[in-house]
Amino acid sequence: RALGLSGALSYTRPISKRSYLSWDYGLEIDNRQTARTTLERSDPGKPVYDKTVSALTNSFSYDVLINRMGMYYRYNKPKKLNFNIGAKAICTRMDQADLVRDTSRRYIYWNFAPQAGLNLQMKKNRNIWMNYNGQTQQPSIQQLQPIVDNTDPLNLYIGNPALKPSFNHNLWVNMGQFDFIEERGMWMSGGFNASQNAFSSRDVVDSIGRRVYQTVNVNGNYTYNLNGNYNFKIKKTPVTLGMSIGANGSNYINFINGLKNTTKTIGVSIEPN
């Protein structure tokens, strides 16, 4: 069961002919309840499951309060330059109550989410576009519950109450140019994503082949991609030739039976078009 309420306010004020300041505030209230009951037979000779398994039974209530406060600056010169920079402070308070064991725990997270963007128009139909933002990802209720989930007896999941929020850095860059007279163009783009306290897994395979796993925080996870394209028209013909080049890669960290495991991927592609 889940109940939620949210709202936001924003205000923008010009400070010159081409620049503005903006402020915003957001509030989010969320209440969630989860429950799981596991039964077993009190009498092995009877086909009746009437005894509660305490270790595998839980009922949790979560009250979440999120405050978001942001401030941004924007500059705009038509057909030349568009620039913005700002940041948002986010305070998340989560109250977790174990209704079966009559215990409670409070989590308070402060996060800072910056952002910046640039769009620069240059001569001869050339432009550069860049954007950066930081985003926070909160742990889910299931990831925080310190209870064994035995829905799949061969894959047992245990929540991690010490789990921290993940913070993602995202950067994109795009540059393009096209000559209408020569009918020739090129563009390049790239993206990079890196995570602090990324959510990953810690797996343990026991002596009878069961996998017991848990979500944990790691540092060092990232992905990237690069792409480029060049095309031109052969003079005095309707023929256009071109080529695309791309590259991508990633780095992922997890733990298996207590050992750190790093998976790296790299891909390159070259295609005519």
# chains A, B, ... in the order shown; residues from 1 in each chain; ligands from 1
>>> residues_around(residues="region 210-215 of chain A", least_positions_apart="2", cutoff="12 Å", atoms="only C-alpha atoms", output="ChimeraX atom specification")
/A:139-150,152-166,197-208,217-218,254-258
>>> select_by_dssp(residues="region 120-232 of chain A", states="strand (DSSP E or B)", output="VMD selection string")
chain A and resid 120 to 122 126 to 137 148 to 152 155 to 158 166 to 179 184 to 196 198 to 205 211 to 218 222 to 232
>>> closest_residue(among="A:Gln177, A:Gln135, A:Asn219, A:Ser19", to="Asn76 (chain A)", atoms="only C-alpha atoms")
A:Ser19
>>> select_by_dssp(residues="region 38-256 of chain A", states="helix (DSSP H, G or I)", output="list in words")
Ser54, Ala55, Leu56, Ile141, Gln142, Gln143 and Leu144 of chain A
>>> write_last_selection(atoms="N, CA, C and O atoms", output="compact mmCIF listing (two decimals), in the first residue's frame")
# COMPACT_ATOMS: atom_id res chain seq x y z
N SER A 54 8.78 -16.89 11.96
CA SER A 54 9.11 -15.52 12.40
C SER A 54 10.28 -14.91 11.62
O SER A 54 10.26 -13.72 11.28
N ALA A 55 11.29 -15.72 11.32
CA ALA A 55 12.49 -15.19 10.66
C ALA A 55 12.20 -14.73 9.23
O ALA A 55 12.94 -13.92 8.67
N LEU A 56 11.11 -15.25 8.63
CA LEU A 56 10.79 -14.93 7.24
C LEU A 56 9.50 -14.13 7.12
O LEU A 56 8.96 -13.97 6.03
N ILE A 141 12.62 0.39 -0.77
CA ILE A 141 12.21 -0.23 0.49
C ILE A 141 12.76 -1.64 0.60
O ILE A 141 13.27 -2.05 1.63
N GLN A 142 12.64 -2.41 -0.49
CA GLN A 142 13.11 -3.81 -0.47
C GLN A 142 14.61 -3.89 -0.24
O GLN A 142 15.10 -4.83 0.40
N GLN A 143 15.35 -2.90 -0.77
CA GLN A 143 16.81 -2.93 -0.61
C GLN A 143 17.24 -2.63 0.82
O GLN A 143 18.32 -3.04 1.24
N LEU A 144 16.41 -1.93 1.59
CA LEU A 144 16.76 -1.56 2.96
C LEU A 144 16.28 -2.56 4.00
O LEU A 144 16.82 -2.62 5.10
>>> atom_distance(atom1="CA of Tyr72 (chain A)", atom2="CA of Arg13 (chain A)")
10.6 Å
>>> residues_around(residues="region 121-123 of chain A", least_positions_apart="6", cutoff="8 Å", atoms="only C-alpha atoms", output="NGL selection string")
:A and (79-81)
>>> write_last_selection(atoms="all heavy atoms", output="short mmCIF file (atom, residue, chain, number, x, y, z; two decimals), in the first residue's frame")
data_model
loop_
_atom_site.label_atom_id
_atom_site.label_comp_id
_atom_site.auth_asym_id
_atom_site.auth_seq_id
_atom_site.Cartn_x
_atom_site.Cartn_y
_atom_site.Cartn_z
N LYS A 79 20.36 33.07 -31.18
CA LYS A 79 21.18 32.65 -32.32
C LYS A 79 22.68 32.68 -32.04
O LYS A 79 23.48 32.52 -32.95
CB LYS A 79 20.88 33.51 -33.55
CG LYS A 79 19.43 33.40 -34.03
CD LYS A 79 19.21 34.23 -35.28
CE LYS A 79 17.77 34.13 -35.76
NZ LYS A 79 17.52 34.92 -36.98
N LYS A 80 23.06 32.90 -30.79
CA LYS A 80 24.48 32.93 -30.44
C LYS A 80 24.83 32.01 -29.28
O LYS A 80 25.64 31.09 -29.42
CB LYS A 80 24.90 34.37 -30.10
CG LYS A 80 24.91 35.32 -31.27
CD LYS A 80 26.03 35.01 -32.25
CE LYS A 80 26.09 36.04 -33.36
NZ LYS A 80 27.19 35.78 -34.32
N LEU A 81 24.23 32.28 -28.13
CA LEU A 81 24.66 31.60 -26.92
C LEU A 81 23.48 31.39 -25.96
O LEU A 81 22.68 32.30 -25.74
CB LEU A 81 25.75 32.42 -26.22
CG LEU A 81 26.23 31.94 -24.85
CD1 LEU A 81 26.93 30.59 -24.98
CD2 LEU A 81 27.15 32.98 -24.22
#
>>> closest_residue(among="A:Pro78, A:Gly191, A:Gly220, A:Pro47", to="Tyr252 (chain A)", atoms="only C-alpha atoms")
A:Gly220
>>> residues_around(residues="Ala116 (chain A)", least_positions_apart="3", cutoff="7 Å", atoms="only C-alpha atoms", output="JSON, numbers by chain")
{"A": [84, 85, 86, 131, 132, 133]}
>>> residues_around(residues="Met130 (chain A)", least_positions_apart="6", cutoff="8 Å", atoms="only C-alpha atoms", output="list in words")
Gly117, Leu118, Asn119, Leu171, Trp172, Val173 and Asn174 of chain A
>>> closest_residue(among="A:Asp43, A:Ser269, A:Asn58, A:Asn127", to="Asp102 (chain A)", atoms="only C-alpha atoms")
A:Asn58
